[in-house]
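Scroll down for the structure; my scribbles are underneath it.
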Amino acid sequence: MTSPKVKLVHAADLHLDSPMLGLERYPGAPVDEVRGATRRAFEGLVDLCLAEDARLLLIAGDVYDGDWKDYSTGLFFVAQLNRLREIGARVVVVRGNHDAGSQITRHLRLPDHVLELPHARPVTHVFEELGVAVHGQSFRDRSTKSDLASGYPDGIRGALNIGILHTSVTGRPGHDDYAPCTLDTLVRKEYDYFALGHVHRREVLSRAPWVVFPGNLQGRHMKETGPKGATLIDVDGGRVTSVEHRTLDVVRWTVCEVDARDADAPDDVLDRARAALGREVDAAEGRTLAARVVVHGASRAHAALQSHAERWEAELRAAATEFPDELFLERVVLDTRAELDVERLAERRDALGQVARAMLTLRTDADARSSLLAELGDLKAKLPSEVRDGVEAVELDDGDSLLEALADVEQMLLPSLAALGSDD
Amino acid sequence: MRLLRLDMLSFGPFAGEHLSFGSRQGALELVYGPNEAGKSTTLRAISDLLFGIPERTVDAHRFAPSELRIGALVESRSGAQVELVRRKGRKNTLLAADGSPLDDAVLAPLLQGATRELFEGLFGLDHVRLRESAEALLAGKGNVGESLFAAGVGGRGVHQLALELSREADELFVARARERKVTKAIAEVKEARDDLRNAATSPTKYLEQERALKDAMAARDALRTRRTEVTAEQVRLTRAVTVLPGLRRRQELGERLAALGTVVTVAPDAAAQRTTALRDRAEAGREAARDEARAAAVRERLSELAGAERLRDVDDASLADLRDRRGSHLSAQIDRPKLLSSAVAIEATIEKALESIGAHATAGNLQLTVASAAKIRALAVRRQRLEDKVEEARKRLTDARARQMHLVSRLVTAAPPESRAVVRDALTRLSDVGAPSPEQVDRFASAVTELDGEKTRLERTEEQARQHLRDVERRLFALRREGEVPTEVELRAARDERQALWREMKGAWSQGLAASDPRLAAYESATDRADGLADRLRREADRVASLAGLESEERAAREEAAEVRGALGRLVAERAAHEERWRALWTPIGFTPGAPADMKPWARDFAAAAELDLELSRADGEVARGTSELGSWRAAWVEASVALGLGGEPTEEEAFAVLDAMAQLVRQVEKADGLRRRIDGIDRDAARFAEDVAERSRAHYPELAGLPVADAAERLVRAVETGRLERAERERLQAELATLSSSLEAHRERQRDADARLASLVSAARVTGLDDLEEAERRSQTAAALEQQLATVEKELLTAGDGATVESLEEETRGLDLDRARARLRDLEGELEELHDKMVRASEDAGQLDHGVHSLANTNAADAAALLEARVATLKRHVRRYVRVRLASLLLSREVERYREENQGPVLARASELLPRLTLGRYSGLRVGVGENDEHVLLAVRAEGGEGIEVGGLSDGTRDQLYLALRLSSLERYATLNEPMPLVLDDVLIHSDDARAEAALGVLGEIAKSTQVLFFTHHARLVELARRALGDGRLVEHRLPSG
């Protein structure tokens, strides 16, 4: 077997056409700039392969969203892969949990230069001209709970051995536990590189051998912040000589923290937020930024911010339009607190102390919280299922789901009451 | 907590002022400070002490922010006392009395979590806040729970807060109500969800469409193949049907050609050639005969013209000369007798004229007399000019004399009456007297104007200088009146004095200086004076500078005034000297002149009169000269008249008549001489002509001798001309004969050529003679026409047969039935049309399917999904906000109600006691009634009649009292349950009349037993009322130091 000098690219979790979540439309929002972000990121991946003259593209699962039914997405996928055929590059795909359940996967015929590994059992495919052997197995169905890795065949002597696998390994927060395995299992296979998929955050689990989650190509919501992209692998003399992350996202998600502690008035907070957003926009290097502003800290400006929350959010959105095309303000979270000591207030034997005590009780008393749910029954009955999904899911199922809301209520009521007598 | 002492160490305008409270347990602390005394600053100092000095304070004006200090001694309910100092800063702002940092925690048990806002709201009250709180009671319609709660948190707007929360919640969501934010957002989410469902392409749908497209394309291809076959057959049959008639015609032409047998082909134009040759031959014969006849006639005439050689050598010039001179000779002979008679007649007239003119004149000497005629004419003209000149000089003399008289009389009249005699006398010697010239007078006049102008200007300047001086003096006076202006000198003196005292004291120090030593006081006052002076010098630096400026300005003004006055004096002197010079100028005339400007006309008149003297003498001379010239003219004239033959002194007219007659005579003599010369010439020419004619006749024509000269000359001329004509005709005829002979030869050549051509035609047609030639030509033409037609048919076949050979076309059409073929073609046409329609339909189907596949492959599902998520996000935001607002609203109303339940009894009972006292007994107390929405409401019970009045029915003042009752009652309850805070009242009673204010002060005095009450007021009247209400034992008065 030859051992030429080649480049490979490893990507996963494309989630083509998966919508950006939480991006409310507002006047001046750069809606066009975020449109088709996952597609453009994938085009970027193909561009990268062409630019680097990569010989092999490894896609470790989750090309589509599982419940995504639009076949045009599959056609787009094929059209892009066909660009690689023109330079004679090959593609290896395994199905992830999303693909296994996808209508598109079931019907789409992939072109000849694309190899989709079967789900019945792990297989090995040898690319003689590259000196590379790829071992892998697709998901059979949506939830594959068995350890696929341990069944992977032994490496082929003299070849560069690559395992491709969609897995949560030993479990990752925010990701379902699929095809679980231990890092030890992977390392013991004595492959040169394990191309993993499923976990959306880039992570290098091991360097000898390489075990890599490249992360998804394009973040889609506020839990997928920071640069996203794929991994470029240099192979020389049958060995991996370098592993490099390449950023390919077209929309960058970020949380912009604003400390309101020394702010006297909402305008101060606004100024700080504007400045912080400006810095984030610069850091995004021309990409459109989907940003959440989180204002926190005990602040004198708290009561004023809280009592006109909508107005301040609107002002901040207006400020965001100072960066047209560059900034999509996802949400403004006013997580400030008043400069009040609730526990101390609760010691007072007066009207305010009574309210403080009531709020403290709600913090700890689950029954008291549950009793409040009845007041929201009408609302709950009307809400569509989408509200319960995705990031920032709204749940009104038990008293605990109100904890966060009650903390906010505490910060709404007590400062307002304490300030009622003041001149401001 | 009680405030025992407040130290305003360095804060606002204060520097080390103290207020000591608590000297009398349970007494009302009344703090009186008139306006500007720092009451508001003191109130701020209390809050700042407890909660820190704000970042942006208004109290850092006397002291820098970092120097601000507020100190206090506070005491908790348990009696523990703490000394503390608050400084401005970000951390560690609380200090112990010794300046070491103190943990803010020492205040925590005293404040119980209170913030500045809470403290000021709960324990601070002024009339504005009181009135607002009372109005909030009204807004909440006296709802018992809200009223109590509001009094409990010291707040004005519990009702407002509750209202805002429930209003916002209602805007977001109300079950079964549409047009709420949440409801609308839900509808939009559902709509977007449907849009997404419609936008997405399912794989099966796409694949079905793709398969249908493939089928449609296959069907279209099959139709296309069939159409190709049918079209090919159609083409083949159409060709066969088209070429068949041509093939048949070709066969027929071949048969006709064969029937003609062997044919000699002659040239196509052979017949024409034959006709031309025959015609040429005939024509040439005719023309040759005509030429021969003409040649015979010419030869005949030539033989006739044999002689005509005489007079051949007379040339053209001689002939013309002879002819001209004969004409002249004849006309001169006619003129001669007329000329002779004219000459004789003129000569007779001259003779007669000479006799009439006189003795001296003959025709010969007429020229001499005429030579002097010009001189005589010039003399006649000159007399008139001399007489005119003398007349004109006399006229000027008279005129000048009259003008001079007029001027002199005007000059005399212009002089003053007493001087007129002197002036008149002076004027008799006009040219000797030196009166001033007009230019001199002008110079004096303009000098006077200049001097007067300068004087006016100087007078104005003097007035301005005087005014300026007055003004400076006035300002100086005003500045001095403001008080003595300090000077550096005074300052130096004061410092010296202080220094001397200091030295003295330093000396005394060593011996021990008593505090009561008067020198200390003296030193202090010296220091004050020196500092005071220094301060004033600095403060009044402007005044000092103004004073110095004004003094120097005053000096300058005085100097300027003096200077102007000097200039004026000098000017007056100069004006007098000028006047003197003016008078001296007039001394020769002998009278005192007026002002130069007035004397200008006089001087002008005088100058004019003097000028006229000269004119008079000039005119006089001219008259004398003219008279003498006239005398000498007359002598010359007498002499000239003698020459003309006229005696004495003739008039000019007489002399001119004689001169004209003499000129006429001269012209007549000249005319007679001319006539005589012409007659002589005619006679000379006639003799010479006769001689010439005779000579020629002798040489050429002797028969003419003896004929008169004119006839001989004519015969000679005619003979020469006839000879010339005959010679010319002979030459012309000889030339024609030569031409005729060459023409004849040409005609004979043409005849021979035509014969040769005919012979060649006969030989080409292979016939024996001209007679058989025509038949041979006809046969050849028929054969050529048939071959031409055959070629055309074959060419057409080649085109119609798509280039196929005739043989293959014959093969193709062999056995073809034309009728059947046409029927088959019609069938094929029908089938083709049908195929065409089918193909159009199939193409449309395929196109639609292709478009369908394309649009299924390019959906906007991703956009629809993005929109759905955007709307979900909006909905989530509204829901989150609704949950919070709704819970806040719910919890607030729940706690208000619970507070009512727990506190209604004691608080209302105590308020019910306080209200009658505060309202001076108009209301007997409070009770709870039921409002329009079945809620519990407060009612004030009127003392008179016991009727319960809702808060809406109370006067503003009473409502204030009601709120005050509730507040004070709540505070008392607070004090029993909690660490009490000082109650800080800021002019809370200014809306009350004296009686109510006094009653309220009494109640406050009672409150002071459980809670420290600090009562701030601007009004001295309230101090009096407090004394009256509380007496010495329950009142401690404080006075703020006025700033």
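How things are named: the first chain in the structure tokens is A, the next is B, and so on; residues count from 1 in each chain; ligands count from 1 in the order shown.
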| message | Based on only C-alpha atoms, which of the residues in chain B come within 8 Å of chain A? I want them as an MDAnalysis selection string. | response | chainID B and resid 112:115 117:118 120:122 149 152:158 161 173 175 186 189:190 200:204 206 856:859 861:863 865:866 869:876 879:880 883:885 887:888 892 895 899 974 977:978
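Every protein or nucleic acid residue with an atom no more than 8 Å from segment 384-397 of chain B, counting only C-alpha atoms and leaving out same-chain residues fewer than 6 positions away, appears here: Glu615, Leu616, Ala619, Asp620, Glu622, Val623, Gly626, Thr627, Glu629 and Leu630 of chain B.
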Selected residues written out, C-alpha atoms, as a PDB file, in the first residue's frame:
```
ATOM      1  CA  GLU B 615      -9.616 148.513 -28.031  1.00  0.00           C
ATOM      2  CA  LEU B 616     -10.446 152.184 -28.607  1.00  0.00           C
ATOM      3  CA  ALA B 619      -9.996 150.982 -33.903  1.00  0.00           C
ATOM      4  CA  ASP B 620      -8.947 154.631 -34.323  1.00  0.00           C
ATOM      5  CA  GLU B 622      -7.586 151.344 -38.543  1.00  0.00           C
ATOM      6  CA  VAL B 623      -9.959 154.144 -39.729  1.00  0.00           C
ATOM      7  CA  GLY B 626      -8.291 152.751 -44.655  1.00  0.00           C
ATOM      8  CA  THR B 627      -8.936 156.348 -45.738  1.00  0.00           C
ATOM      9  CA  GLU B 629      -5.570 153.506 -49.122  1.00  0.00           C
ATOM     10  CA  LEU B 630      -8.781 154.649 -50.896  1.00  0.00           C
TER      11      LEU B 630
END
```
| request: Pick out each residue of segment 120-251 of chain B that DSSP on the backbone tags as helix (DSSP H, G or I); I need them as number ranges by chain. | output: B: 120-123, 127-139, 144-153, 158-172, 181-199, 203-251
| Atom pair atom CA of Asp126 of chain B / atom CA of Glu83 of chain B: separation (Å) | 28.2 Å
